[in-house]
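Everything below belongs to upload20.pdb, which stores PDB, C-alpha atoms, pLDDT in the B column.
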ATOM      1  CA  MET A  26       3.486 -27.685  -5.993  1.00 86.00           C
ATOM      2  CA  ALA A  27       5.797 -24.692  -6.038  1.00 93.00           C
ATOM      3  CA  LYS A  28       6.532 -22.599  -2.977  1.00 96.00           C
ATOM      4  CA  ARG A  29       5.418 -19.130  -4.070  1.00 98.00           C
ATOM      5  CA  ILE A  30       7.324 -16.287  -2.394  1.00 98.00           C
ATOM      6  CA  VAL A  31       6.761 -12.567  -2.843  1.00 98.00           C
ATOM      7  CA  ILE A  32       9.887 -10.465  -2.276  1.00 97.00           C
ATOM      8  CA  ALA A  33       8.819  -7.066  -0.972  1.00 96.00           C
ATOM      9  CA  SER A  34      10.061  -3.906   0.727  1.00 92.00           C
ATOM     10  CA  GLY A  35       8.522  -0.803   2.163  1.00 84.00           C
ATOM     11  CA  LYS A  36      10.823   1.486   0.179  1.00 83.00           C
ATOM     12  CA  GLY A  37      12.976   1.281  -2.910  1.00 84.00           C
ATOM     13  CA  GLY A  38      16.724   0.912  -3.130  1.00 85.00           C
ATOM     14  CA  VAL A  39      17.129  -1.751  -0.458  1.00 91.00           C
ATOM     15  CA  GLY A  40      18.248  -4.574  -2.785  1.00 90.00           C
ATOM     16  CA  LYS A  41      14.941  -6.336  -3.384  1.00 92.00           C
ATOM     17  CA  SER A  42      15.608  -7.284  -7.019  1.00 92.00           C
ATOM     18  CA  THR A  43      19.195  -8.262  -6.194  1.00 90.00           C
ATOM     19  CA  THR A  44      17.787 -10.559  -3.525  1.00 94.00           C
ATOM     20  CA  ALA A  45      15.354 -12.132  -5.992  1.00 95.00           C
ATOM     21  CA  ALA A  46      18.106 -12.653  -8.564  1.00 92.00           C
ATOM     22  CA  PHE A  47      20.767 -14.174  -6.310  1.00 92.00           C
ATOM     23  CA  LEU A  48      18.362 -16.172  -4.186  1.00 95.00           C
ATOM     24  CA  GLY A  49      16.927 -17.632  -7.376  1.00 95.00           C
ATOM     25  CA  MET A  50      20.417 -18.504  -8.556  1.00 93.00           C
ATOM     26  CA  ARG A  51      21.303 -20.259  -5.310  1.00 94.00           C
ATOM     27  CA  LEU A  52      18.046 -22.219  -5.257  1.00 97.00           C
ATOM     28  CA  ALA A  53      18.665 -23.339  -8.844  1.00 96.00           C
ATOM     29  CA  ALA A  54      22.267 -24.239  -7.989  1.00 94.00           C
ATOM     30  CA  ARG A  55      20.896 -26.482  -5.236  1.00 95.00           C
ATOM     31  CA  GLY A  56      18.781 -28.374  -7.761  1.00 96.00           C
ATOM     32  CA  LYS A  57      15.489 -26.517  -7.301  1.00 97.00           C
ATOM     33  CA  LYS A  58      13.761 -25.488 -10.518  1.00 97.00           C
ATOM     34  CA  THR A  59      13.011 -21.813  -9.924  1.00 98.00           C
ATOM     35  CA  LEU A  60      10.969 -19.189 -11.753  1.00 97.00           C
ATOM     36  CA  LEU A  61      11.507 -15.462 -11.231  1.00 97.00           C
ATOM     37  CA  ILE A  62       8.541 -13.219 -12.035  1.00 96.00           C
ATOM     38  CA  ASP A  63       9.485  -9.551 -12.347  1.00 94.00           C
ATOM     39  CA  CYS A  64       6.306  -7.864 -11.124  1.00 93.00           C
ATOM     40  CA  ASP A  65       7.609  -4.289 -11.434  1.00 89.00           C
ATOM     41  CA  ALA A  66       5.742  -3.263 -14.586  1.00 83.00           C
ATOM     42  CA  GLY A  67       7.428  -0.296 -16.234  1.00 79.00           C
ATOM     43  CA  LEU A  68      10.578  -0.597 -14.129  1.00 81.00           C
ATOM     44  CA  GLY A  69      11.595  -4.236 -14.429  1.00 79.00           C
ATOM     45  CA  SER A  70      15.267  -5.001 -13.807  1.00 83.00           C
ATOM     46  CA  LEU A  71      15.791  -8.733 -13.369  1.00 87.00           C
ATOM     47  CA  ASP A  72      16.703  -9.192 -17.039  1.00 82.00           C
ATOM     48  CA  LEU A  73      19.481  -6.618 -16.491  1.00 80.00           C
ATOM     49  CA  LEU A  74      20.838  -8.366 -13.412  1.00 82.00           C
ATOM     50  CA  LEU A  75      20.673 -11.834 -14.964  1.00 81.00           C
ATOM     51  CA  PRO A  76      21.225 -11.885 -18.736  1.00 75.00           C
ATOM     52  CA  PRO A  77      19.097 -14.555 -20.424  1.00 77.00           C
ATOM     53  CA  ALA A  78      20.451 -17.639 -22.147  1.00 75.00           C
ATOM     54  CA  ALA A  79      17.719 -17.080 -24.746  1.00 76.00           C
ATOM     55  CA  ASP A  80      15.301 -14.238 -25.287  1.00 82.00           C
ATOM     56  CA  THR A  81      11.704 -13.453 -26.148  1.00 84.00           C
ATOM     57  CA  ALA A  82       9.715 -10.317 -26.865  1.00 87.00           C
ATOM     58  CA  TYR A  83       6.924 -11.553 -24.579  1.00 92.00           C
ATOM     59  CA  HIS A  84       6.332 -10.704 -20.909  1.00 92.00           C
ATOM     60  CA  TRP A  85       3.941 -11.954 -18.236  1.00 92.00           C
ATOM     61  CA  LEU A  86       1.160  -9.551 -19.245  1.00 92.00           C
ATOM     62  CA  ASP A  87       1.164 -11.119 -22.726  1.00 92.00           C
ATOM     63  CA  ALA A  88       0.629 -14.509 -21.082  1.00 93.00           C
ATOM     64  CA  VAL A  89      -2.124 -13.071 -18.874  1.00 91.00           C
ATOM     65  CA  ASN A  90      -3.901 -11.513 -21.885  1.00 90.00           C
ATOM     66  CA  GLY A  91      -3.587 -14.666 -23.997  1.00 91.00           C
ATOM     67  CA  ALA A  92      -1.202 -13.157 -26.556  1.00 92.00           C
ATOM     68  CA  CYS A  93       1.128 -16.082 -25.888  1.00 94.00           C
ATOM     69  CA  THR A  94       1.385 -19.099 -23.631  1.00 94.00           C
ATOM     70  CA  PRO A  95       3.279 -18.857 -20.322  1.00 94.00           C
ATOM     71  CA  ALA A  96       5.904 -21.151 -21.853  1.00 93.00           C
ATOM     72  CA  ASP A  97       6.391 -18.728 -24.769  1.00 93.00           C
ATOM     73  CA  ALA A  98       7.043 -15.868 -22.329  1.00 94.00           C
ATOM     74  CA  THR A  99       9.404 -17.820 -20.055  1.00 94.00           C
ATOM     75  CA  ILE A 100      13.108 -17.150 -20.567  1.00 93.00           C
ATOM     76  CA  PRO A 101      15.860 -19.572 -19.461  1.00 93.00           C
ATOM     77  CA  LEU A 102      18.632 -17.831 -17.539  1.00 90.00           C
ATOM     78  CA  TYR A 103      20.896 -20.439 -16.000  1.00 84.00           C
ATOM     79  CA  SER A 104      20.421 -24.152 -15.506  1.00 88.00           C
ATOM     80  CA  GLY A 105      17.207 -24.541 -13.525  1.00 95.00           C
ATOM     81  CA  LEU A 106      16.471 -20.793 -13.384  1.00 96.00           C
ATOM     82  CA  PHE A 107      13.823 -19.068 -15.504  1.00 96.00           C
ATOM     83  CA  LEU A 108      12.365 -15.574 -15.858  1.00 95.00           C
ATOM     84  CA  LEU A 109       9.051 -13.994 -16.741  1.00 95.00           C
ATOM     85  CA  ARG A 110       9.923 -10.427 -17.701  1.00 92.00           C
ATOM     86  CA  ALA A 111       7.838  -7.418 -16.613  1.00 90.00           C
ATOM     87  CA  PRO A 112       5.861  -5.440 -19.210  1.00 90.00           C
ATOM     88  CA  ALA A 113       7.293  -2.067 -20.198  1.00 82.00           C
ATOM     89  CA  VAL A 114       4.145  -0.216 -19.120  1.00 80.00           C
ATOM     90  CA  ARG A 115       1.965  -0.487 -16.043  1.00 76.00           C
ATOM     91  CA  PRO A 116      -1.108  -2.694 -16.608  1.00 72.00           C
ATOM     92  CA  GLU A 117      -3.741  -0.346 -15.247  1.00 68.00           C
ATOM     93  CA  ASP A 118      -6.611  -2.558 -16.379  1.00 71.00           C
ATOM     94  CA  ALA A 119      -5.120  -5.916 -15.373  1.00 77.00           C
ATOM     95  CA  PRO A 120      -7.127  -7.721 -12.688  1.00 85.00           C
ATOM     96  CA  GLU A 121      -5.570  -7.788  -9.216  1.00 90.00           C
ATOM     97  CA  THR A 122      -5.630 -11.586  -9.359  1.00 93.00           C
ATOM     98  CA  CYS A 123      -3.908 -11.923 -12.754  1.00 93.00           C
ATOM     99  CA  LEU A 124      -0.516 -12.959 -11.349  1.00 95.00           C
ATOM    100  CA  LYS A 125      -2.198 -15.319  -8.904  1.00 95.00           C
ATOM    101  CA  GLU A 126      -3.981 -17.072 -11.754  1.00 95.00           C
ATOM    102  CA  LEU A 127      -0.778 -17.180 -13.819  1.00 95.00           C
ATOM    103  CA  ALA A 128       1.274 -18.576 -10.921  1.00 95.00           C
ATOM    104  CA  GLU A 129      -1.352 -21.253 -10.318  1.00 95.00           C
ATOM    105  CA  THR A 130      -1.051 -22.466 -13.922  1.00 94.00           C
ATOM    106  CA  LEU A 131       2.728 -22.771 -13.469  1.00 95.00           C
ATOM    107  CA  ASP A 132       2.598 -24.262  -9.987  1.00 92.00           C
ATOM    108  CA  GLY A 133       3.362 -27.824 -10.981  1.00 93.00           C
ATOM    109  CA  ASP A 134       6.315 -26.928 -13.197  1.00 95.00           C
ATOM    110  CA  TYR A 135       8.602 -25.409 -10.539  1.00 97.00           C
ATOM    111  CA  ASP A 136       9.869 -25.960  -7.019  1.00 97.00           C
ATOM    112  CA  PHE A 137       9.989 -22.229  -6.268  1.00 98.00           C
ATOM    113  CA  ILE A 138       8.311 -19.185  -7.805  1.00 98.00           C
ATOM    114  CA  LEU A 139       9.842 -15.896  -6.644  1.00 98.00           C
ATOM    115  CA  LEU A 140       7.738 -12.785  -7.298  1.00 98.00           C
ATOM    116  CA  ASP A 141       9.833  -9.613  -7.270  1.00 96.00           C
ATOM    117  CA  ALA A 142       7.261  -7.017  -6.191  1.00 95.00           C
ATOM    118  CA  PRO A 143       7.522  -3.294  -6.988  1.00 91.00           C
ATOM    119  CA  ALA A 144       8.890  -1.093  -4.235  1.00 85.00           C
ATOM    120  CA  GLY A 145       6.374   0.622  -1.987  1.00 83.00           C
ATOM    121  CA  LEU A 146       2.878  -0.287  -0.858  1.00 83.00           C
ATOM    122  CA  GLY A 147       0.793   0.269  -3.999  1.00 85.00           C
ATOM    123  CA  SER A 148      -1.330  -1.914  -6.254  1.00 86.00           C
ATOM    124  CA  GLY A 149       1.710  -3.683  -7.701  1.00 89.00           C
ATOM    125  CA  LEU A 150       2.524  -5.118  -4.271  1.00 93.00           C
ATOM    126  CA  LYS A 151      -1.020  -6.396  -3.874  1.00 94.00           C
ATOM    127  CA  ARG A 152      -0.972  -8.031  -7.310  1.00 93.00           C
ATOM    128  CA  ALA A 153       2.247  -9.867  -6.434  1.00 96.00           C
ATOM    129  CA  ALA A 154       1.168 -10.709  -2.879  1.00 97.00           C
ATOM    130  CA  LEU A 155      -2.083 -12.341  -3.968  1.00 97.00           C
ATOM    131  CA  ALA A 156      -0.013 -14.815  -5.994  1.00 97.00           C
ATOM    132  CA  ALA A 157       2.151 -15.820  -3.013  1.00 97.00           C
ATOM    133  CA  ASP A 158       1.869 -17.934   0.110  1.00 95.00           C
ATOM    134  CA  THR A 159       5.045 -16.624   1.768  1.00 97.00           C
ATOM    135  CA  ALA A 160       6.885 -13.288   1.849  1.00 98.00           C
ATOM    136  CA  LEU A 161      10.482 -12.205   2.239  1.00 98.00           C
ATOM    137  CA  ILE A 162      10.664  -8.579   3.344  1.00 97.00           C
ATOM    138  CA  ILE A 163      13.925  -6.802   2.553  1.00 97.00           C
ATOM    139  CA  ALA A 164      15.257  -3.974   4.695  1.00 96.00           C
ATOM    140  CA  THR A 165      18.566  -2.204   5.125  1.00 95.00           C
ATOM    141  CA  PRO A 166      19.599  -1.481   8.725  1.00 94.00           C
ATOM    142  CA  ASP A 167      18.305   2.084   8.969  1.00 94.00           C
ATOM    143  CA  GLU A 168      15.228   3.674  10.540  1.00 94.00           C
ATOM    144  CA  VAL A 169      13.447   4.592   7.299  1.00 94.00           C
ATOM    145  CA  SER A 170      13.851   1.166   5.747  1.00 94.00           C
ATOM    146  CA  VAL A 171      12.819  -0.862   8.796  1.00 95.00           C
ATOM    147  CA  GLN A 172       9.779   1.359   9.314  1.00 94.00           C
ATOM    148  CA  GLY A 173       8.745   0.688   5.718  1.00 94.00           C
ATOM    149  CA  ALA A 174       9.385  -3.036   6.180  1.00 95.00           C
ATOM    150  CA  GLY A 175       7.046  -3.100   9.162  1.00 95.00           C
ATOM    151  CA  LYS A 176       4.326  -1.389   7.130  1.00 95.00           C
ATOM    152  CA  ALA A 177       4.853  -3.819   4.251  1.00 96.00           C
ATOM    153  CA  ASP A 178       4.484  -6.744   6.664  1.00 96.00           C
ATOM    154  CA  ALA A 179       1.167  -5.392   7.965  1.00 96.00           C
ATOM    155  CA  LEU A 180      -0.150  -4.897   4.438  1.00 95.00           C
ATOM    156  CA  LEU A 181       0.962  -8.347   3.290  1.00 97.00           C
ATOM    157  CA  ARG A 182      -0.938  -9.879   6.175  1.00 96.00           C
ATOM    158  CA  GLU A 183      -4.055  -7.999   5.067  1.00 96.00           C
ATOM    159  CA  TYR A 184      -3.601  -9.636   1.661  1.00 96.00           C
ATOM    160  CA  GLY A 185      -3.470 -13.080   3.262  1.00 96.00           C
ATOM    161  CA  VAL A 186       0.313 -13.629   3.324  1.00 97.00           C
ATOM    162  CA  THR A 187       0.791 -14.464   6.985  1.00 94.00           C
ATOM    163  CA  GLU A 188       4.132 -16.284   6.734  1.00 96.00           C
ATOM    164  CA  THR A 189       6.625 -13.423   6.489  1.00 97.00           C
ATOM    165  CA  ARG A 190      10.371 -13.380   7.071  1.00 97.00           C
ATOM    166  CA  LEU A 191      12.917 -10.560   7.228  1.00 97.00           C
ATOM    167  CA  ILE A 192      16.175 -10.262   5.315  1.00 96.00           C
ATOM    168  CA  ILE A 193      18.505  -7.526   6.519  1.00 96.00           C
ATOM    169  CA  ASN A 194      20.577  -6.412   3.550  1.00 94.00           C
ATOM    170  CA  ARG A 195      23.857  -4.470   3.326  1.00 92.00           C
ATOM    171  CA  TYR A 196      24.749  -5.027   6.946  1.00 92.00           C
ATOM    172  CA  ASP A 197      28.165  -3.870   8.113  1.00 88.00           C
ATOM    173  CA  ALA A 198      29.142  -4.946  11.618  1.00 85.00           C
ATOM    174  CA  LYS A 199      31.776  -2.233  12.058  1.00 86.00           C
ATOM    175  CA  THR A 200      29.328   0.503  11.025  1.00 88.00           C
ATOM    176  CA  ALA A 201      26.674  -0.891  13.346  1.00 86.00           C
ATOM    177  CA  LYS A 202      29.160  -1.051  16.226  1.00 85.00           C
ATOM    178  CA  LYS A 203      29.858   2.660  15.746  1.00 88.00           C
ATOM    179  CA  GLY A 204      26.132   3.394  15.943  1.00 86.00           C
ATOM    180  CA  ARG A 205      25.856   4.410  12.291  1.00 90.00           C
ATOM    181  CA  GLN A 206      23.614   1.477  11.422  1.00 92.00           C
ATOM    182  CA  LEU A 207      20.941  -0.350  13.363  1.00 93.00           C
ATOM    183  CA  ALA A 208      22.067  -3.516  15.096  1.00 90.00           C
ATOM    184  CA  ILE A 209      20.465  -6.746  13.901  1.00 92.00           C
ATOM    185  CA  ASP A 210      18.345  -7.175  17.058  1.00 92.00           C
ATOM    186  CA  SER A 211      17.132  -3.580  16.821  1.00 93.00           C
ATOM    187  CA  ALA A 212      16.061  -4.004  13.183  1.00 93.00           C
ATOM    188  CA  ILE A 213      14.137  -7.162  14.098  1.00 94.00           C
ATOM    189  CA  ASP A 214      12.413  -5.440  17.029  1.00 94.00           C
ATOM    190  CA  LYS A 215      11.379  -2.442  14.931  1.00 93.00           C
ATOM    191  CA  THR A 216       9.893  -4.529  12.112  1.00 94.00           C
ATOM    192  CA  CYS A 217       8.402  -7.267  14.336  1.00 93.00           C
ATOM    193  CA  VAL A 218       9.245  -9.746  11.555  1.00 95.00           C
ATOM    194  CA  GLN A 219      11.111 -12.998  12.146  1.00 94.00           C
ATOM    195  CA  LEU A 220      14.629 -13.003  10.690  1.00 95.00           C
ATOM    196  CA  ILE A 221      15.627 -15.512   8.010  1.00 95.00           C
ATOM    197  CA  GLY A 222      18.970 -14.054   6.953  1.00 94.00           C
ATOM    198  CA  VAL A 223      21.469 -11.219   6.978  1.00 94.00           C
ATOM    199  CA  VAL A 224      23.365 -10.238   3.830  1.00 93.00           C
ATOM    200  CA  PRO A 225      26.612  -8.349   4.469  1.00 91.00           C
ATOM    201  CA  GLU A 226      27.727  -5.276   2.570  1.00 86.00           C
ATOM    202  CA  ASP A 227      29.511  -6.731  -0.441  1.00 81.00           C
ATOM    203  CA  PRO A 228      31.048  -4.772  -3.345  1.00 73.00           C
ATOM    204  CA  VAL A 229      30.604  -7.812  -5.597  1.00 70.00           C
ATOM    205  CA  LEU A 230      26.817  -7.473  -5.425  1.00 70.00           C
ATOM    206  CA  LYS A 231      27.000  -3.741  -6.125  1.00 65.00           C
ATOM    207  CA  THR A 232      28.842  -4.189  -9.420  1.00 62.00           C
ATOM    208  CA  VAL A 233      27.378  -7.386 -10.863  1.00 63.00           C
ATOM    209  CA  SER A 234      24.781  -5.587 -13.030  1.00 56.00           C
ATOM    210  CA  VAL A 235      27.683  -3.865 -14.812  1.00 55.00           C
ATOM    211  CA  THR A 236      30.437  -6.482 -14.721  1.00 55.00           C
ATOM    212  CA  ARG A 237      28.186  -9.575 -15.035  1.00 56.00           C
ATOM    213  CA  LYS A 238      30.805 -11.268 -12.849  1.00 60.00           C
ATOM    214  CA  PHE A 239      30.728 -12.667  -9.342  1.00 62.00           C
ATOM    215  CA  LYS A 240      32.377 -15.376  -7.274  1.00 60.00           C
ATOM    216  CA  VAL A 241      30.368 -17.982  -5.401  1.00 63.00           C
ATOM    217  CA  THR A 242      32.823 -17.501  -2.534  1.00 57.00           C
ATOM    218  CA  ALA A 243      31.795 -13.837  -2.098  1.00 77.00           C
ATOM    219  CA  LYS A 244      30.257 -13.159   1.313  1.00 83.00           C
ATOM    220  CA  GLY A 245      26.995 -11.896  -0.161  1.00 84.00           C
ATOM    221  CA  ILE A 246      26.563 -14.985  -2.345  1.00 86.00           C
ATOM    222  CA  GLN A 247      27.295 -17.252   0.630  1.00 89.00           C
ATOM    223  CA  ALA A 248      24.627 -15.422   2.632  1.00 92.00           C
ATOM    224  CA  PHE A 249      22.033 -15.972  -0.100  1.00 93.00           C
ATOM    225  CA  ASP A 250      23.030 -19.636  -0.250  1.00 93.00           C
ATOM    226  CA  ARG A 251      22.303 -19.974   3.466  1.00 93.00           C
ATOM    227  CA  ILE A 252      18.902 -18.307   3.026  1.00 95.00           C
ATOM    228  CA  ALA A 253      18.153 -20.707   0.167  1.00 96.00           C
ATOM    229  CA  ARG A 254      18.964 -23.620   2.457  1.00 95.00           C
ATOM    230  CA  ARG A 255      16.673 -22.257   5.169  1.00 94.00           C
ATOM    231  CA  LEU A 256      13.843 -21.950   2.624  1.00 95.00           C
ATOM    232  CA  GLN A 257      14.328 -25.647   1.911  1.00 93.00           C
ATOM    233  CA  GLY A 258      13.871 -26.458   5.579  1.00 91.00           C
ATOM    234  CA  GLU A 259      17.492 -26.838   6.657  1.00 91.00           C
ATOM    235  CA  ASN A 260      18.459 -25.719  10.142  1.00 88.00           C
ATOM    236  CA  VAL A 261      21.252 -23.333   9.205  1.00 85.00           C
ATOM    237  CA  LEU A 262      22.708 -21.089  11.886  1.00 76.00           C
ATOM    238  CA  LEU A 263      23.552 -17.474  11.162  1.00 71.00           C
ATOM    239  CA  THR A 264      27.288 -17.364  10.480  1.00 62.00           C
ATOM    240  CA  LEU A 265      28.596 -14.212  12.095  1.00 58.00           C
ATOM    241  CA  SER A 266      31.953 -14.587  10.329  1.00 55.00           C
ATOM    242  CA  LEU A 267      30.210 -13.603   7.082  1.00 55.00           C
ATOM    243  CA  LEU A 268      29.177 -10.300   8.660  1.00 61.00           C
ATOM    244  CA  LYS A 269      32.598  -9.145   9.792  1.00 58.00           C
TER
END
Would you mind writing the file out in C-alpha cells?
Amino acid sequence: MAKRIVIASGKGGVGKSTTAAFLGMRLAARGKKTLLIDCDAGLGSLDLLLPPAADTAYHWLDAVNGACTPADATIPLYSGLFLLRAPAVRPEDAPETCLKELAETLDGDYDFILLDAPAGLGSGLKRAALAADTALIIATPDEVSVQGAGKADALLREYGVTETRLIINRYDAKTAKKGRQLAIDSAIDKTCVQLIGVVPEDPVLKTVSVTRKFKVTAKGIQAFDRIARRLQGENVLLTLSLLK
C-alpha cells in the first residue's frame, strides 16, 4: 500500500508545490515509485515545474468522472515519478471524497502518493486531506506563515490526518541570526508541529521552473533528499552545514 501524504500550507507562496515536485523526485531517485496529484484545480503548477516525458489531455477529474481510466490520465515525468494533472477549472460539484476514492484505487500501484493541496484552508484542502494518512505542512520562517501553518495543522486533524510534520522552507541562518527571520526553534514552537526538515534558501530552486535545470548537489535538493530518507524511516540528523 502507498503512503499517502498531503502537502499543505496555511498561506500561498511558501513553496508547497516546489516541495511536492522535488520531494517526489528524490523519492523516485531512491527507488520509490511515486505519484504526484496536483489538487489545485484551476491553478495547477506541477506540470510547469516538472515537464512530462509524455503528455495527455486528461486530468484527475476526468478519471473521477469516468471520462478516462486513472492510467489514461497518469503522466510519466522521470523514472519512477508520475503525475495526475489538476483540472483547469474548480470542480464545484465534485464530491469531497473523490480524491480519496481515486487514491484508494491507485494505492497498490505506488510506494508514495503525494497530494499537492491548494493554498489556504478551503474545500480544496479538505478534498486532498481526506485522501491522505499523513501531512507535510510547509511554512517559511515568518510570523504570518507559521500562524497559517498552525491553523492548517488544526484543520487537518479535524479531517482525520493526525500524523503531521513541519517543513521550514527558505531558511537563511544569517538572516535569522540578525532577527529578520524566525529561528527554527521559534517556528516549531509557534506551529506546535513536529519538524521533519529544513530547506535552505537556494537560488537553484527559485529558477528551476524557468531554466528546467538543477544540480543534485544543490543545498535545497540535498535537503529534500534527507526529508525523503526520513519519510522512508531512516534516522537522518539535521545537517546544519546545509543551512549556512
For stretch 205-211 of chain A: contacts at 10 Å, all atoms listed in the file, fewer than 3 positions along chain excluded, given as a ChimeraX atom specification: /A:165-168,171,193,196-202,214-217,220,223
The selected residues should be written to file as an mmCIF file, keeping the file's coordinate frame (atoms: C-alpha atoms).
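Once written, result_35.cif looks like this:
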data_model
loop_
_atom_site.group_PDB
_atom_site.id
_atom_site.type_symbol
_atom_site.label_atom_id
_atom_site.label_comp_id
_atom_site.auth_asym_id
_atom_site.auth_seq_id
_atom_site.Cartn_x
_atom_site.Cartn_y
_atom_site.Cartn_z
ATOM 1 C CA THR A 165 18.566 -2.204 5.125
ATOM 2 C CA PRO A 166 19.599 -1.481 8.725
ATOM 3 C CA ASP A 167 18.305 2.084 8.969
ATOM 4 C CA GLU A 168 15.228 3.674 10.540
ATOM 5 C CA VAL A 171 12.819 -0.862 8.796
ATOM 6 C CA ILE A 193 18.505 -7.526 6.519
ATOM 7 C CA TYR A 196 24.749 -5.027 6.946
ATOM 8 C CA ASP A 197 28.165 -3.870 8.113
ATOM 9 C CA ALA A 198 29.142 -4.946 11.618
ATOM 10 C CA LYS A 199 31.776 -2.233 12.058
ATOM 11 C CA THR A 200 29.328 0.503 11.025
ATOM 12 C CA ALA A 201 26.674 -0.891 13.346
ATOM 13 C CA LYS A 202 29.160 -1.051 16.226
ATOM 14 C CA ASP A 214 12.413 -5.440 17.029
ATOM 15 C CA LYS A 215 11.379 -2.442 14.931
ATOM 16 C CA THR A 216 9.893 -4.529 12.112
ATOM 17 C CA CYS A 217 8.402 -7.267 14.336
ATOM 18 C CA LEU A 220 14.629 -13.003 10.690
ATOM 19 C CA VAL A 223 21.469 -11.219 6.978
#
Chain and number of each residue from the PyMOL selection byres ((chain A and resi 61-75) around 9), as a VMD selection string: chain A and resid 42 to 43 45 to 47 49 59 to 60 76 to 77 85 102 to 103 106 to 116 124 137 to 144 149 to 150 152 to 153 233 to 235 237
Selection near A:Thr130, 12 Å with only C-alpha atoms, sequence-local residues under 2 positions removed, as a list of chain:residue names: A:Met26, A:Ala27, A:Ala88, A:Val89, A:Thr94, A:Pro95, A:Ala96, A:Cys123, A:Leu124, A:Lys125, A:Glu126, A:Leu127, A:Ala128, A:Asp132, A:Gly133, A:Asp134, A:Tyr135, A:Ile138, A:Ala156
Two-atom distance - atom CA of A:Ala53, atom CA of A:Ser104 (Å):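 Between these atoms lies a distance of 6.9 Å.
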What are the centre and edge lengths in Å, to one decimal, of the axis-aligned box around all listed atoms of stretch 88-94 of chain A with 8 Å added on each side, as JSON?
{"center_x": -1.3, "center_y": -15.3, "center_z": -22.7, "size_x": 21.3, "size_y": 23.6, "size_z": 23.7}
Care to translate the PyMOL selection byres ((chain A and resi 34) around 10) into actual residues of this file, as a PDB file with C-alpha atoms, keeping the file's coordinate frame?
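Okay, this is what ended up in expr_2.pdb:
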ATOM      1  CA  VAL A  31       6.761 -12.567  -2.843  1.00 98.00           C
ATOM      2  CA  ILE A  32       9.887 -10.465  -2.276  1.00 97.00           C
ATOM      3  CA  ALA A  33       8.819  -7.066  -0.972  1.00 96.00           C
ATOM      4  CA  GLY A  35       8.522  -0.803   2.163  1.00 84.00           C
ATOM      5  CA  LYS A  36      10.823   1.486   0.179  1.00 83.00           C
ATOM      6  CA  GLY A  37      12.976   1.281  -2.910  1.00 84.00           C
ATOM      7  CA  GLY A  38      16.724   0.912  -3.130  1.00 85.00           C
ATOM      8  CA  VAL A  39      17.129  -1.751  -0.458  1.00 91.00           C
ATOM      9  CA  GLY A  40      18.248  -4.574  -2.785  1.00 90.00           C
ATOM     10  CA  LYS A  41      14.941  -6.336  -3.384  1.00 92.00           C
ATOM     11  CA  ASP A 141       9.833  -9.613  -7.270  1.00 96.00           C
ATOM     12  CA  ALA A 142       7.261  -7.017  -6.191  1.00 95.00           C
ATOM     13  CA  PRO A 143       7.522  -3.294  -6.988  1.00 91.00           C
ATOM     14  CA  ALA A 144       8.890  -1.093  -4.235  1.00 85.00           C
ATOM     15  CA  GLY A 145       6.374   0.622  -1.987  1.00 83.00           C
ATOM     16  CA  LEU A 146       2.878  -0.287  -0.858  1.00 83.00           C
ATOM     17  CA  LEU A 150       2.524  -5.118  -4.271  1.00 93.00           C
ATOM     18  CA  ALA A 160       6.885 -13.288   1.849  1.00 98.00           C
ATOM     19  CA  LEU A 161      10.482 -12.205   2.239  1.00 98.00           C
ATOM     20  CA  ILE A 162      10.664  -8.579   3.344  1.00 97.00           C
ATOM     21  CA  ILE A 163      13.925  -6.802   2.553  1.00 97.00           C
ATOM     22  CA  ALA A 164      15.257  -3.974   4.695  1.00 96.00           C
ATOM     23  CA  THR A 165      18.566  -2.204   5.125  1.00 95.00           C
ATOM     24  CA  SER A 170      13.851   1.166   5.747  1.00 94.00           C
ATOM     25  CA  VAL A 171      12.819  -0.862   8.796  1.00 95.00           C
ATOM     26  CA  GLY A 173       8.745   0.688   5.718  1.00 94.00           C
ATOM     27  CA  ALA A 174       9.385  -3.036   6.180  1.00 95.00           C
ATOM     28  CA  GLY A 175       7.046  -3.100   9.162  1.00 95.00           C
ATOM     29  CA  LYS A 176       4.326  -1.389   7.130  1.00 95.00           C
ATOM     30  CA  ALA A 177       4.853  -3.819   4.251  1.00 96.00           C
ATOM     31  CA  ASP A 178       4.484  -6.744   6.664  1.00 96.00           C
ATOM     32  CA  LEU A 191      12.917 -10.560   7.228  1.00 97.00           C
ATOM     33  CA  ILE A 192      16.175 -10.262   5.315  1.00 96.00           C
TER      34      ILE A 192
END
Once the PyMOL selection byres ((chain A and resi 248) around 8) has been evaluated on this model, what residues remain selected, and can you format them as a PDB file with C-alpha atoms, in the frame of the given file?
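So selection_33.pdb came out as:
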ATOM      1  CA  GLY A 222      18.970 -14.054   6.953  1.00 94.00           C
ATOM      2  CA  VAL A 223      21.469 -11.219   6.978  1.00 94.00           C
ATOM      3  CA  VAL A 224      23.365 -10.238   3.830  1.00 93.00           C
ATOM      4  CA  PRO A 225      26.612  -8.349   4.469  1.00 91.00           C
ATOM      5  CA  LYS A 244      30.257 -13.159   1.313  1.00 83.00           C
ATOM      6  CA  GLY A 245      26.995 -11.896  -0.161  1.00 84.00           C
ATOM      7  CA  ILE A 246      26.563 -14.985  -2.345  1.00 86.00           C
ATOM      8  CA  GLN A 247      27.295 -17.252   0.630  1.00 89.00           C
ATOM      9  CA  PHE A 249      22.033 -15.972  -0.100  1.00 93.00           C
ATOM     10  CA  ASP A 250      23.030 -19.636  -0.250  1.00 93.00           C
ATOM     11  CA  ARG A 251      22.303 -19.974   3.466  1.00 93.00           C
ATOM     12  CA  ILE A 252      18.902 -18.307   3.026  1.00 95.00           C
ATOM     13  CA  LEU A 267      30.210 -13.603   7.082  1.00 55.00           C
TER      14      LEU A 267
END
d(atom CA of A:Leu48, atom CA of A:Ala79) in Å: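 It comes out at 20.6 Å.
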Neighbour list for A:Ala82 as a list in words, cut-off 10 Å, all atoms listed in the file, skip fewer than 2 positions in-chain: Asp80, His84, Asp87, Asp97, Ala98, Ile100, Arg110 and Pro112 of chain A
